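A short write-up of the structure that comes next.
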Amino acid sequence: MTNLPAATLAAADFYDKHYVGAEPIFLQPGMKLMLGNSERPRHCRFCGNNEPAVSFRDEAHALPAAFGNTGLFSNYECDTCNHLFGEGIENDLGNWSKPMRTLSRIKGRNGVPTIKSPTTGKGWRVEYTNEGFQLKQYEDDPFFEIDEEAKQISSELHRDPYIPVAALKGLVKIGLTLIPEVETQHFCETFNWVRDTDHTRDFVAELPVIRTFIPGPMRNDLIVLMLMRRRAGVDTVPYAFFTFAYGNEVLQVFLPSPSQDKCIHGNPLTLMPFPAPGALYPARHGQPRVKVETLTGREPVRGEKVRVVLGFEGS
Ligand SMILES: [Zn+2]
């Protein structure tokens, strides 16, 4: 612990004083975990309906399959809500997160996503195969910049269209799936908000997503999820958040609870990022980088570019 940067130690201390964490879930291939009991009649925590008014035939992923989840499911999401999320906010979250999932080599239902030039016909392409990353470009349309000395390739990948606040709802929905049943009473408005297909509705003023990018090679088949709740007696920080680490990225997402967050109303959030695991080879790849994303836009974002840098081996 002593060789950790001071900021990491300060963050660890901050979280220790203000929050209590649940046991993290380490999701690895071959593991199967079902959240909630399977007693009948089942109850859907998202819409509040019970069997037989709603059915529970489909497997409800606690985390979308796009992030590589093949083992974490819940018993408390009905088929109606499952389809609503799958056809809506999970697509926005999928498009928003796709460049990072490709770079982290995260295998969804159809393998690691390929990113292609938005122009039809011949164009650049970033694809991950058994031989590693395959980058294609055409001479008359150069797309990648190659830095032989630094052994890096950089380019600007494009993002498929997404509505920022819908992607945010997709993230919050994951957290709402992870909270224990006893906590659901504090999130009634939040359940309604994530289900609402009207993305223009006001909800909470500030809802940042803290992204930490961990450079260098990272496992692409391990997902770590952790839920944190404010300690009793503390009233200066938001009530709950969760962190979600996959590939090279750690996302820290607040779970807004209008009733429990009343005490911090009017005060700007002064949270520090939850300490992320360090890079495997910081000397070679650099330290983790933190960015705060404000995913509150309500209009579709088209043609957004994401700057990426890939390292390569060899001479
Ligand atoms: Zn439902």
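Every chain in the structure tokens takes a letter, A first, then B, and so on in the order presented; its residues are numbered from 1, and the ligands are numbered from 1 following the presented order.
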
Produce as a compact mmCIF listing (two decimals) with N, CA and C atoms, in the first residue's frame the set of residues near ligand 1, where near means within 8 Å with only C-alpha atoms and all ligand atoms considered.
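Written out: selection20.txt:
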```txt
# COMPACT_ATOMS: atom_id res chain seq x y z
N HIS A 43 -41.72 -10.72 -8.62
CA HIS A 43 -42.02 -9.29 -8.59
C HIS A 43 -40.96 -8.56 -9.40
N CYS A 44 -41.39 -7.61 -10.25
CA CYS A 44 -40.42 -6.83 -11.04
C CYS A 44 -40.14 -5.52 -10.31
N ARG A 45 -38.89 -5.28 -9.95
CA ARG A 45 -38.57 -4.06 -9.21
C ARG A 45 -38.60 -2.82 -10.10
N PHE A 46 -38.56 -3.01 -11.40
CA PHE A 46 -38.52 -1.84 -12.30
C PHE A 46 -39.90 -1.24 -12.55
N CYS A 47 -40.90 -2.10 -12.82
CA CYS A 47 -42.25 -1.57 -13.08
C CYS A 47 -43.17 -1.80 -11.89
N GLY A 48 -42.74 -2.62 -10.93
CA GLY A 48 -43.54 -2.87 -9.74
C GLY A 48 -44.62 -3.91 -9.93
N ASN A 49 -44.69 -4.56 -11.09
CA ASN A 49 -45.73 -5.57 -11.34
C ASN A 49 -45.30 -6.96 -10.89
N VAL A 54 -47.28 -9.74 -15.36
CA VAL A 54 -46.11 -9.70 -16.24
C VAL A 54 -45.43 -11.08 -16.18
N TYR A 76 -35.62 -10.43 -10.84
CA TYR A 76 -36.63 -9.40 -10.58
C TYR A 76 -36.77 -8.36 -11.70
N GLU A 77 -36.55 -8.81 -12.93
CA GLU A 77 -36.79 -7.93 -14.07
C GLU A 77 -37.73 -8.67 -15.02
N CYS A 78 -38.94 -8.13 -15.23
CA CYS A 78 -39.93 -8.83 -16.04
C CYS A 78 -39.57 -8.73 -17.53
N ASP A 79 -40.24 -9.55 -18.34
CA ASP A 79 -39.95 -9.56 -19.78
C ASP A 79 -40.26 -8.21 -20.43
N THR A 80 -41.31 -7.56 -19.97
CA THR A 80 -41.68 -6.26 -20.55
C THR A 80 -40.55 -5.25 -20.32
N CYS A 81 -40.07 -5.17 -19.09
CA CYS A 81 -38.99 -4.22 -18.78
C CYS A 81 -37.70 -4.64 -19.51
N ASN A 82 -37.44 -5.94 -19.53
CA ASN A 82 -36.25 -6.47 -20.21
C ASN A 82 -36.23 -6.02 -21.67
```

*asked:* Which residues are close to A:Pro99, i.e. within 8 Å by only C-alpha atoms, leaving aside same-chain residues fewer than 5 positions away? Reply as a list of chain:residue names.
replied: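 My list of contacting residues is A:Ile115, A:Leu157, A:His158, A:Arg159, A:Val306.
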
Counting only C-alpha atoms, give me one row per residue of stretch 89-192 of chain A with an atom at most 12 Å from an atom of stretch 2-25 of chain A, showing the shortest contact pair and its distance in Å to one decimal, sorted by chain then residue number, as a Markdown table.
```
| residue | atom | partner | partner_atom | distance |
| --- | --- | --- | --- | --- |
| A:Leu178 | CA | A:Ile25 | CA | 9.8 |
| A:Ile179 | CA | A:Ala22 | CA | 9.4 |
| A:Pro180 | CA | A:Ala22 | CA | 9.7 |
```

*Residue set, stretch 133-216 of chain A restricted to strand (DSSP E), as a PyMOL selection string*: chain A and resi 133-136+145-147+152-158+209-213

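Counting only C-alpha atoms, the residue from A:Pro258, A:Pro282, A:Pro113, A:Gly175 that sits nearest to A:Met226 is A:Gly175.
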
*Mind giving me the straight-line distance from atom CA of A:Pro29 to atom CA of A:Gly132 in Å, one decimal?*
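Separation of atom CA of A:Pro29 and atom CA of A:Gly132: 20.2 Å.
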
*Counting only C-alpha atoms, figure out which residue out of A:Val250, A:Leu227, A:Ala205, A:Met218 gets nearest to A:Pro268.*
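Closest to A:Pro268, using only C-alpha atoms: A:Ala205.
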
*Considering only C-alpha atoms, state which residue in the set A:Met100, A:Val209, A:Val237, A:Ile264 is at the smallest distance from A:Lys291.*
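Closest residue, counting only C-alpha atoms: A:Val209.
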
*asked:* Taking only C-alpha atoms into account, name the residue in A:Phe73, A:Tyr239, A:Tyr246, A:Phe144 that is nearest to A:Cys263.
replied: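 Closest residue, counting only C-alpha atoms: A:Tyr239.
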
_Set the distance at 12 Å and use only C-alpha atoms: which residues neighbour A:Asn248 once local chain neighbours fewer than 6 positions away are removed? I'd like the list as a count of residues only._
34

*Run DSSP on the backbone and give me the residues of stretch 77-272 of chain A it puts in alpha helix (DSSP H), as number ranges by chain.*
A: 79-87, 89-103, 164-178, 188-195

*Calculate how many Å separate atom CA of A:Arg109 from atom CA of A:Ile174, rounding to one decimal.*
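It comes out at 18.1 Å.
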
*Which value, in Å to one decimal, gives the distance between atom CA of A:Phe67 and atom CA of A:Leu168?*
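Going from atom CA of A:Phe67 over to atom CA of A:Leu168 covers 15.2 Å.
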
*For each of A:Lys151, A:His199, A:Arg42, A:His265, take the minimum atom-to-atom distance to A:Arg298, counting only C-alpha atoms, then give the residue where this is smallest.*
A:His199

_I need the residue nearest A:Leu207 from this list: A:Gly170, A:Pro256, A:Gly247, A:Pro161. Use only C-alpha atoms for the distance._
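Using only C-alpha atoms, the shortest distance to A:Leu207 belongs to A:Pro256.
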
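Using only C-alpha atoms, the protein and nucleic acid residues lying no more than 6 Å from stretch 85-93 of chain A, apart from those fewer than 5 places from it along its own chain, are Tyr162, Ala166, Ala167 and Gly170 of chain A.
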